[in-house]
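Chemist: Before we start, here is the structure in question, set down as structure tokens.
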Amino acid sequence: MRSSRATYGPASGRRPVVVIGAGPYGLSVAAHLRAASVPVRVFGEIMGSWRHAMATGMFLKSTPAATDLSAPEPGGRLADFRRATGEDELTELTPIPCGTFVGYGMWFAQRYVGTVEPVPVQEVERAGAGFTVRLEDGEEIEAVAVVVATGLGTFAYIPDELARLTPDGPGPCAAVSHTSQHTDLSRYAGQRVAVVGGGQSALESAALLHEAGAQVQVLVRAARVRWGVPPQLRRSWRRRLAAPASPLGTGWSLAAVCRAPDMVRHLPAGAKMLLYRRALGPSGGWWLRERVEDVVPVRTACRIQRARLDGAAVRLHLDGTGTGPAELTVDHVLAATGYRLDVDALPFLTAPVCRAVARVPGSQAPALSGAFESSVPGLYFTGSLAAPTFGPMLRFVAGTEFAARRIAARLIWRTPRR
């Protein structure tokens, strides 16, 4: 590890910054803070969401050029990790296995972050000009600031008509589960499974289920399934001018929101939410298409009107203009229905803290300053929770550079030195 390790606690008189979450955003913020000798404690399991909320065999949708964590000095890119481990550099035409990305995150943490504490944070409450952070093991920390960089698992969304089938909660052993609850889909070999959704998670889960021997159908609300196109390694200057490249794809609109996310913050609230919801609609990676199209049955223009249990099976009543029977009986429903951001769903924020966090109008996501600070002084949010403020780039690893540098600069400025 190259970063310096600052002392903190009563002996030093320096209150630390607490980072909650050890995924790409939490690790990137912590790396910049530790390089600047800001005392910081990081809580979470390194790359936990990527290890436990992604099924075995999945790949990242993003390309290698859009998958670098933010290091405080050169040498921390995905390509550097591949060289350090004796592996060939990945090209833009190489899908990245999730396992490779997990390995990269763990290497990055060892090199730039150091100690990451797996103890869950139980409670964050305001205390004077800072916060009291209580851990599940009973320790209390007086923190000068808190950075929330948790994954999306807390915000998993399942439509009401499906959620009511599982009064004890969705899960792999229940009639309904969410894609974020799986690491191994082979458990459904030989079973009838309906996958609900039309994005990458739905389509890749369907491919894995089919390849594991399940009888799978995909139910998509949209009139068609959208697929990405393979990256073009060489493009003429005319094509580059007409559709500039960005971490999220080609086109002026995507390039603009990636190059100037702070400008998105100044848009009217309605425009920000429209951009957040529609800039990148559900689609499948170009490399996945051959594993799904004409292989797995996909019903488009199809909605679940009603669902009920029939013994151990689930009977789905479908509505829409799509072809196929109006009723479908399956053994399990896999909801690839996305996430609903909601500050109130974060279990460790006390009720008074939640109430004090201003929201982006039209959502339950936090409204943030240019430094990712919420209306509660010293409380920062990054990653997907920041996307309604800064735009869709914050939903992807590509946003770590912008976020980590902004947050670190603010905290370096406000953290007392001794």
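Each chain in the structure tokens gets a letter, A, B and so on, in the order shown; residues start at 1 in every chain, and ligands are counted from 1 in the order they appear.
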Check stretch 184-390 of chain A with DSSP on the backbone and list each residue it calls alpha helix (DSSP H), as JSON, numbers by chain.
Modeler: {"A": [200, 201, 202, 203, 204, 205, 206, 207, 208, 209, 210, 211, 237, 238, 239, 240, 241, 242, 252, 253, 254, 255, 256, 257, 258, 259, 261, 262, 263, 264, 265, 269, 270, 271, 272, 273, 274, 275, 276, 277, 278, 289, 290, 291, 292, 351, 352, 353, 354, 355, 356, 387, 388, 389, 390]}
Chemist: Would you pick out the contacts of stretch 246-249 of chain A at 8 Å or less, using only C-alpha atoms, so that residues sharing its chain but fewer than 6 positions from it are not included, and give the list as JSON, numbers by chain?
Modeler: {"A": [62, 63, 65, 66, 255, 258, 393, 398]}
Chemist: Skipping near chain neighbours, those fewer than 4 positions away, what residues fall within 10 Å of A:Gly362 using only C-alpha atoms, listed as a count of residues only?
Modeler: 6
Chemist: Write out as a compact mmCIF listing (two decimals) with N, CA, C and O atoms, in the first residue's frame which residues come within 9 Å of A:Met47 when counting only C-alpha atoms, dropping same-chain ones fewer than 2 positions away.
Modeler:
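As a result, around-v4.txt now contains:
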# COMPACT_ATOMS: atom_id res chain seq x y z
N GLY A 21 -19.35 1.77 3.43
CA GLY A 21 -19.38 1.12 2.12
C GLY A 21 -17.98 0.94 1.59
O GLY A 21 -17.16 1.87 1.66
N ALA A 22 -17.68 -0.25 1.07
CA ALA A 22 -16.33 -0.54 0.56
C ALA A 22 -16.39 -1.07 -0.86
O ALA A 22 -15.64 -1.96 -1.24
N GLY A 23 -17.30 -0.50 -1.63
CA GLY A 23 -17.35 -0.77 -3.06
C GLY A 23 -16.51 0.25 -3.81
O GLY A 23 -15.69 0.95 -3.22
N PRO A 24 -16.70 0.39 -5.12
CA PRO A 24 -15.87 1.30 -5.91
C PRO A 24 -15.86 2.74 -5.40
O PRO A 24 -14.81 3.38 -5.37
N LEU A 27 -14.18 2.93 -1.66
CA LEU A 27 -12.74 2.72 -1.75
C LEU A 27 -12.05 3.91 -2.39
O LEU A 27 -10.96 4.33 -1.97
N GLY A 44 -17.41 -1.92 5.99
CA GLY A 44 -18.10 -2.67 4.95
C GLY A 44 -17.25 -3.84 4.50
O GLY A 44 -16.09 -3.98 4.91
N GLU A 45 -17.81 -4.67 3.67
CA GLU A 45 -17.07 -5.78 3.07
C GLU A 45 -16.55 -5.32 1.72
O GLU A 45 -17.32 -4.80 0.89
N SER A 49 -21.15 -5.93 -2.54
CA SER A 49 -22.29 -6.06 -3.45
C SER A 49 -21.92 -6.85 -4.69
O SER A 49 -22.72 -7.64 -5.21
N TRP A 50 -20.71 -6.66 -5.16
CA TRP A 50 -20.27 -7.36 -6.36
C TRP A 50 -20.01 -8.84 -6.07
O TRP A 50 -20.08 -9.67 -6.97
N ARG A 51 -19.74 -9.16 -4.81
CA ARG A 51 -19.48 -10.55 -4.45
C ARG A 51 -20.76 -11.31 -4.11
O ARG A 51 -20.83 -12.53 -4.32
N HIS A 52 -21.76 -10.61 -3.59
CA HIS A 52 -22.94 -11.29 -3.07
C HIS A 52 -24.24 -10.93 -3.78
O HIS A 52 -25.27 -11.54 -3.49
N PHE A 101 -13.41 -8.05 -11.71
CA PHE A 101 -13.60 -6.73 -11.12
C PHE A 101 -13.49 -6.80 -9.60
O PHE A 101 -12.94 -5.88 -8.96
N VAL A 102 -14.00 -7.85 -8.99
CA VAL A 102 -13.86 -8.03 -7.54
C VAL A 102 -12.38 -8.11 -7.17
O VAL A 102 -11.92 -7.47 -6.21
N GLY A 103 -11.62 -8.91 -7.93
CA GLY A 103 -10.19 -9.01 -7.67
C GLY A 103 -9.49 -7.67 -7.79
O GLY A 103 -8.61 -7.33 -6.99
N GLY A 105 -10.87 -4.70 -7.26
CA GLY A 105 -11.24 -3.89 -6.10
C GLY A 105 -10.46 -4.26 -4.86
O GLY A 105 -10.03 -3.40 -4.08
N MET A 106 -10.23 -5.55 -4.64
CA MET A 106 -9.48 -6.00 -3.47
C MET A 106 -8.01 -5.60 -3.58
O MET A 106 -7.38 -5.20 -2.59
Chemist: Quick one: distance from atom CA of A:Gly311 to atom CA of A:His182 in Å, one decimal?
Modeler: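 So the two atoms, atom CA of A:Gly311 and atom CA of A:His182, lie 23.7 Å apart.
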Chemist: If you count only C-alpha atoms, which residues fall within 12 Å of A:Pro261, apart from same-chain ones fewer than 6 positions away, as a list in words?
Modeler: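 Once the nearby chain positions are removed, what remains is Ser253, Leu254, Ala255, Leu267, Lys272, Leu275, Tyr276, Gly370, Ala371, Phe372, Ala386, Ala387, Pro388, Thr389, Phe390, Gly391, Pro392, Met393, Leu394, Arg395, Ala398, Gly399, Thr400, Glu401, Phe402, Ala403 and Arg406 of chain A.
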Chemist: Pick from A:Phe155, A:Phe131, A:Tyr25, A:Trp107: nearest to A:Asp344, with only C-alpha atoms counted?
Modeler: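 Closest to A:Asp344 of all the choices is A:Phe155.
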